[in-house]
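Q: My file is run21.tsv. It has TSV, C-alpha atoms:
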chain	number	residue	atom	x	y	z
I	179	MET	CA	-26.99	100.40	-17.03
I	180	ILE	CA	-30.51	99.28	-16.18
I	181	ALA	CA	-31.69	100.17	-12.65
I	182	GLU	CA	-32.21	97.12	-10.42
I	183	ALA	CA	-36.05	97.34	-10.28
I	184	ASP	CA	-36.20	97.65	-14.05
I	185	LEU	CA	-33.70	94.80	-14.47
I	186	LEU	CA	-35.83	92.58	-12.20
I	187	ASP	CA	-39.02	93.56	-14.13
I	188	ARG	CA	-37.44	92.67	-17.45
I	189	THR	CA	-35.70	89.51	-16.29
I	190	PHE	CA	-38.75	88.05	-14.55
I	191	HIS	CA	-40.84	88.96	-17.62
I	192	ALA	CA	-38.26	87.37	-19.95
I	193	LEU	CA	-38.39	84.14	-17.94
I	194	SER	CA	-42.22	83.98	-17.84
I	195	ASP	CA	-42.48	82.08	-21.15
I	196	SER	CA	-41.59	78.41	-21.62
I	197	ASN	CA	-40.01	78.93	-25.09
I	198	ARG	CA	-37.79	81.69	-23.72
I	199	ARG	CA	-36.83	79.46	-20.78
I	200	ALA	CA	-36.01	76.66	-23.26
I	201	ILE	CA	-33.65	79.09	-25.05
I	202	VAL	CA	-32.00	80.00	-21.71
I	203	VAL	CA	-31.60	76.29	-20.83
I	204	ARG	CA	-29.98	75.65	-24.21
I	205	LEU	CA	-27.63	78.65	-23.86
I	206	SER	CA	-26.58	77.61	-20.37
I	207	ARG	CA	-24.83	74.69	-22.11
I	208	GLY	CA	-22.90	77.17	-24.31
I	209	PRO	CA	-23.37	79.74	-27.12
I	210	ALA	CA	-25.61	78.84	-30.09
I	211	SER	CA	-26.74	80.33	-33.40
I	212	VAL	CA	-30.33	81.51	-33.86
I	213	SER	CA	-31.10	78.53	-36.11
I	214	GLU	CA	-29.64	76.10	-33.55
I	215	LEU	CA	-31.88	77.71	-30.93
I	216	ALA	CA	-34.92	77.51	-33.21
I	217	GLU	CA	-34.41	73.87	-34.22
I	218	PRO	CA	-35.88	72.09	-31.15
I	219	LEU	CA	-38.68	74.65	-30.70
I	220	ALA	CA	-42.05	74.13	-32.39
I	221	ILE	CA	-42.32	77.80	-33.38
I	222	SER	CA	-41.38	79.87	-36.45
I	223	LEU	CA	-38.01	81.61	-36.88
I	224	PRO	CA	-39.63	85.10	-36.58
I	225	ALA	CA	-41.23	83.97	-33.30
I	226	VAL	CA	-37.80	82.82	-32.07
I	227	SER	CA	-36.37	86.25	-33.04
I	228	GLN	CA	-39.10	87.98	-31.04
I	229	HIS	CA	-38.31	85.84	-27.99
I	230	LEU	CA	-34.61	86.62	-28.42
I	231	ASP	CA	-35.45	90.36	-28.52
I	232	VAL	CA	-37.20	90.03	-25.15
I	233	LEU	CA	-34.24	88.06	-23.73
I	234	ARG	CA	-31.78	90.62	-25.10
I	235	SER	CA	-33.75	93.59	-23.71
I	236	SER	CA	-33.39	92.07	-20.21
I	237	GLY	CA	-29.67	91.52	-20.77
I	238	ILE	CA	-29.99	87.74	-20.12
I	239	VAL	CA	-28.81	87.05	-23.66
I	240	SER	CA	-26.28	88.90	-25.79
I	241	SER	CA	-25.63	88.24	-29.46
I	242	GLU	CA	-23.01	88.93	-32.06
I	243	LYS	CA	-23.27	88.67	-35.83
I	244	THR	CA	-20.40	87.18	-37.82
I	245	GLY	CA	-21.17	87.09	-41.54
I	246	ARG	CA	-24.69	85.67	-41.81
I	247	VAL	CA	-24.64	83.86	-38.47
I	248	ARG	CA	-25.87	85.49	-35.26
I	249	THR	CA	-24.42	83.74	-32.19
I	250	CYS	CA	-26.23	84.09	-28.87
I	251	ARG	CA	-24.76	83.64	-25.43
I	252	LEU	CA	-26.00	83.81	-21.84
I	253	GLU	CA	-24.97	86.72	-19.62
I	254	ALA	CA	-24.75	85.90	-15.91
I	255	THR	CA	-25.70	89.22	-14.22
I	256	PRO	CA	-29.51	89.39	-14.71
I	257	MET	CA	-30.05	85.78	-13.58
I	258	LYS	CA	-27.78	86.36	-10.59
I	259	THR	CA	-29.74	89.50	-9.62
I	260	VAL	CA	-33.02	87.55	-9.79
I	261	GLU	CA	-31.57	84.63	-7.83
I	262	GLN	CA	-30.27	86.98	-5.11
I	263	TRP	CA	-33.65	88.73	-4.87
I	264	ILE	CA	-35.45	85.41	-4.36
I	265	ALA	CA	-32.85	84.10	-1.90
I	266	ALA	CA	-33.04	87.32	0.19
I	267	ASN	CA	-36.82	86.96	0.36
I	268	ARG	CA	-36.64	83.30	1.26
I	269	GLU	CA	-34.25	84.09	4.11
I	270	MET	CA	-36.61	86.78	5.41
I	271	TRP	CA	-39.53	84.34	5.07
I	272	GLU	CA	-37.69	81.48	6.80
I	273	GLY	CA	-36.67	83.92	9.57
I	274	HIS	CA	-40.36	84.75	10.00
I	275	LEU	CA	-41.27	81.03	10.20
I	276	ASN	CA	-38.46	80.45	12.73
I	277	ARG	CA	-39.79	83.28	14.90
I	278	ILE	CA	-43.27	81.67	14.77
I	279	GLY	CA	-41.63	78.39	15.81
I	280	ASP	CA	-39.93	80.13	18.75
I	281	VAL	CA	-43.23	81.68	19.87
I	282	LEU	CA	-44.97	78.28	19.66
I	283	ASP	CA	-42.11	76.67	21.64
I	284	GLN	CA	-42.35	79.35	24.32
I	285	THR	CA	-46.14	79.09	24.46
I	286	TYR	CA	-46.42	75.30	24.48
I	287	GLY	CA	-42.96	74.60	25.94
I	288	GLY	CA	-42.31	71.55	23.77
I	289	THR	CA	-40.45	70.52	20.67
I	290	GLU	CA	-43.41	68.70	19.12
W	145	MET	CA	-52.32	71.27	-9.20
W	146	ILE	CA	-50.62	73.57	-11.71
W	147	ALA	CA	-48.08	71.84	-14.03
W	148	GLU	CA	-44.49	72.99	-13.47
W	149	ALA	CA	-44.12	74.93	-16.77
W	150	ASP	CA	-47.37	76.75	-16.08
W	151	LEU	CA	-46.35	77.41	-12.46
W	152	LEU	CA	-43.03	78.88	-13.67
W	153	ASP	CA	-44.86	81.03	-16.30
W	154	ARG	CA	-47.24	82.41	-13.69
W	155	THR	CA	-44.66	82.89	-10.94
W	156	PHE	CA	-42.12	84.67	-13.16
W	157	HIS	CA	-44.94	86.83	-14.54
W	158	ALA	CA	-46.21	87.59	-11.02
W	159	LEU	CA	-42.73	88.75	-9.98
W	160	SER	CA	-42.19	90.95	-13.07
W	161	ASP	CA	-43.81	94.01	-11.47
W	162	SER	CA	-42.22	96.16	-8.74
W	163	ASN	CA	-45.50	96.68	-6.83
W	164	ARG	CA	-46.14	92.93	-6.76
W	165	ARG	CA	-42.56	92.34	-5.58
W	166	ALA	CA	-43.09	94.97	-2.85
W	167	ILE	CA	-46.16	92.97	-1.71
W	168	VAL	CA	-44.09	89.75	-1.67
W	169	VAL	CA	-41.31	91.48	0.33
W	170	ARG	CA	-43.89	92.74	2.86
W	171	LEU	CA	-45.52	89.27	3.17
W	172	SER	CA	-42.15	87.58	3.67
W	173	ARG	CA	-42.11	89.38	7.04
W	174	GLY	CA	-45.49	87.81	7.92
W	175	PRO	CA	-49.20	87.84	6.94
W	176	ALA	CA	-50.92	91.18	6.32
W	177	SER	CA	-54.37	92.54	5.48
W	178	VAL	CA	-55.08	94.04	2.05
W	179	SER	CA	-55.17	97.56	3.52
W	180	GLU	CA	-51.84	97.00	5.30
W	181	LEU	CA	-50.37	95.88	1.96
W	182	ALA	CA	-51.85	98.89	0.15
W	183	GLU	CA	-50.68	101.49	2.70
W	184	PRO	CA	-47.01	101.91	1.62
W	185	LEU	CA	-47.84	101.58	-2.10
W	186	ALA	CA	-48.60	104.67	-4.16
W	187	ILE	CA	-51.46	102.94	-6.01
W	188	SER	CA	-55.24	102.64	-5.52
W	189	LEU	CA	-56.89	99.83	-3.53
W	190	PRO	CA	-58.45	98.34	-6.73
W	191	ALA	CA	-54.95	98.28	-8.30
W	192	VAL	CA	-53.64	96.47	-5.20
W	193	SER	CA	-56.48	93.94	-5.54
W	194	GLN	CA	-55.56	93.33	-9.17
W	195	HIS	CA	-51.93	92.73	-8.22
W	196	LEU	CA	-53.08	90.35	-5.47
W	197	ASP	CA	-55.20	88.45	-8.04
W	198	VAL	CA	-52.07	87.93	-10.17
W	199	LEU	CA	-50.07	86.82	-7.11
W	200	ARG	CA	-52.89	84.47	-6.04
W	201	SER	CA	-53.21	82.94	-9.52
W	202	SER	CA	-49.54	81.94	-9.34
W	203	GLY	CA	-50.04	80.48	-5.86
W	204	ILE	CA	-47.33	82.79	-4.38
W	205	VAL	CA	-49.96	84.36	-2.14
W	206	SER	CA	-52.99	82.82	-0.47
W	207	SER	CA	-55.69	84.78	1.34
W	208	GLU	CA	-58.47	84.17	3.81
W	209	LYS	CA	-61.39	86.42	4.70
W	210	THR	CA	-62.47	86.80	8.31
W	211	GLY	CA	-65.41	89.20	8.67
W	212	ARG	CA	-64.49	92.22	6.57
W	213	VAL	CA	-60.72	91.66	6.69
W	214	ARG	CA	-58.87	89.67	4.03
W	215	THR	CA	-55.52	88.41	5.34
W	216	CYS	CA	-52.82	87.51	2.81
W	217	ARG	CA	-49.87	85.21	3.38
W	218	LEU	CA	-46.92	83.97	1.36
W	219	GLU	CA	-46.83	80.36	0.14
W	220	ALA	CA	-43.35	78.86	-0.21
W	221	THR	CA	-43.75	76.40	-3.13
W	222	PRO	CA	-43.88	78.68	-6.23
W	223	MET	CA	-40.88	80.77	-5.11
W	224	LYS	CA	-38.97	77.57	-4.30
W	225	THR	CA	-39.76	76.14	-7.76
W	226	VAL	CA	-38.49	79.33	-9.44
W	227	GLU	CA	-35.37	79.41	-7.23
W	228	GLN	CA	-34.58	75.77	-8.07
W	229	TRP	CA	-35.06	76.41	-11.80
W	230	ILE	CA	-32.60	79.33	-11.71
W	231	ALA	CA	-30.08	77.45	-9.54
W	232	ALA	CA	-30.15	74.40	-11.87
W	233	ASN	CA	-29.45	76.68	-14.85
W	234	ARG	CA	-26.67	78.51	-13.04
W	235	GLU	CA	-25.01	75.18	-12.20
W	236	MET	CA	-25.22	74.11	-15.86
W	237	TRP	CA	-23.85	77.52	-16.94
W	238	GLU	CA	-21.02	77.46	-14.39
W	239	GLY	CA	-20.20	73.91	-15.49
W	240	HIS	CA	-19.95	75.23	-19.06
W	241	LEU	CA	-17.63	78.06	-17.96
W	242	ASN	CA	-15.48	75.58	-15.98
W	243	ARG	CA	-15.16	73.38	-19.07
W	244	ILE	CA	-14.05	76.44	-21.08
W	245	GLY	CA	-11.51	77.17	-18.31
W	246	ASP	CA	-10.23	73.57	-18.52
W	247	VAL	CA	-9.83	73.85	-22.30
W	248	LEU	CA	-7.95	77.16	-21.93
W	249	ASP	CA	-5.72	75.62	-19.24
W	250	GLN	CA	-4.97	72.64	-21.48
W	251	THR	CA	-4.33	74.91	-24.48
W	252	TYR	CA	-2.19	77.51	-22.76
W	253	GLY	CA	-0.95	75.30	-19.90
W	254	GLY	CA	-1.22	77.97	-17.23
W	255	THR	CA	-3.44	79.12	-14.41
W	256	GLU	CA	-3.34	82.79	-15.45
Please render this file's structure as structure tokens.
A:
Amino acid sequence: MIAEADLLDRTFHALSDSNRRAIVVRLSRGPASVSELAEPLAISLPAVSQHLDVLRSSGIVSSEKTGRVRTCRLEATPMKTVEQWIAANREMWEGHLNRIGDVLDQTYGGTE
Amino acid sequence: MIAEADLLDRTFHALSDSNRRAIVVRLSRGPASVSELAEPLAISLPAVSQHLDVLRSSGIVSSEKTGRVRTCRLEATPMKTVEQWIAANREMWEGHLNRIGDVLDQTYGGTE
């Protein structure tokens, strides 16, 4: 199991490239073979394999080989961990903004 | 203005490091000076500055210098863009899983 900090490092890194995000978007509609994933992308098959390695190392994508076809699928946990991290920060941040709002209300006594 | 794909690239990259995430967590509680940000981190001040450069280039953090003190603050837009991207994908992914569930229900005619 990857520790949470390491999982966040790898997942954020995996998502920092538009081709890798395009692969994730495609896989969120359902599993796909490597050649299906490569087809809409304007990059070589080896480049697609490299991107898939990065996605696999973060755990976002898993793959299984049957005969000559490697099928990739999305795994929910890493994306969920990232989403929860961002949401927790947003809540803290919005709490901070609310407290500023309260201070301004108390200082200026208005709602404007 | 940074195009959305570029903003996502930069924001995901900015968040792919645990020290930069620690800075974001600290700033979500309110603005802080560079030395306040550096204090809890076990890295040098130049390293903190480099991390802040990465965070600034994504727009997550803005800063303002008054006299000798540079104050950093969190900006909501990049984090919101990343959060929306992940949520949109999760919805697509959950929709896919629901459709699989429907197919299984139709095939096996049960709720188990």
Q: Could you list, with a cut-off of 6 Å and counting all atoms listed in the file, the residues of chain W near chain I, each shown with its nearest atom pair and the distance in Å rounded to one decimal, rows sorted by chain and ascending number, as a tab-separated table?
A:
residue	atom	partner	partner_atom	distance
W:Asp153	CA	I:Ser194	CA	4.2
W:Phe156	CA	I:Ser194	CA	4.7
W:His157	CA	I:Ser194	CA	5.1
W:Ser160	CA	I:Asp187	CA	4.2
W:Asp161	CA	I:Asp187	CA	5.5
W:Ser172	CA	I:Trp271	CA	4.4
W:Arg173	CA	I:His274	CA	5.8
W:Met236	CA	I:Ser206	CA	5.9
W:Trp237	CA	I:Ser206	CA	4.4
W:His240	CA	I:Arg207	CA	5.8
Q: Using Å and a single decimal, report how far CA of Ser240 in chain I sits from CA of Arg198 in chain I.
A: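 Separating CA of Arg198 in chain I from CA of Ser240 in chain I is a distance of 13.7 Å.
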Q: Please measure the separation of CA of Ala182 in chain W and CA of Ala166 in chain W, giving the value in Å to one decimal.
A: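 Interatomic distance, CA of Ala182 in chain W to CA of Ala166 in chain W: 10.1 Å.
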Q: Using CA of Thr210 in chain W and CA of Leu189 in chain W as the two end points, give the distance in Å to one decimal.
A: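 These atoms are spaced 18.5 Å apart.
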Q: Which residue gives the smallest distance to Val226 in chain I among I:Ser241, I:Asn197, I:Ser211, I:Thr259, with only C-alpha atoms counted?
A: I:Asn197
Q: For Arg212 in chain W, which of W:Ala186, W:Val178, W:Asn242, W:Val198 is the closest residue, counting only C-alpha atoms?
A: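 Closest residue, counting only C-alpha atoms: W:Val178.
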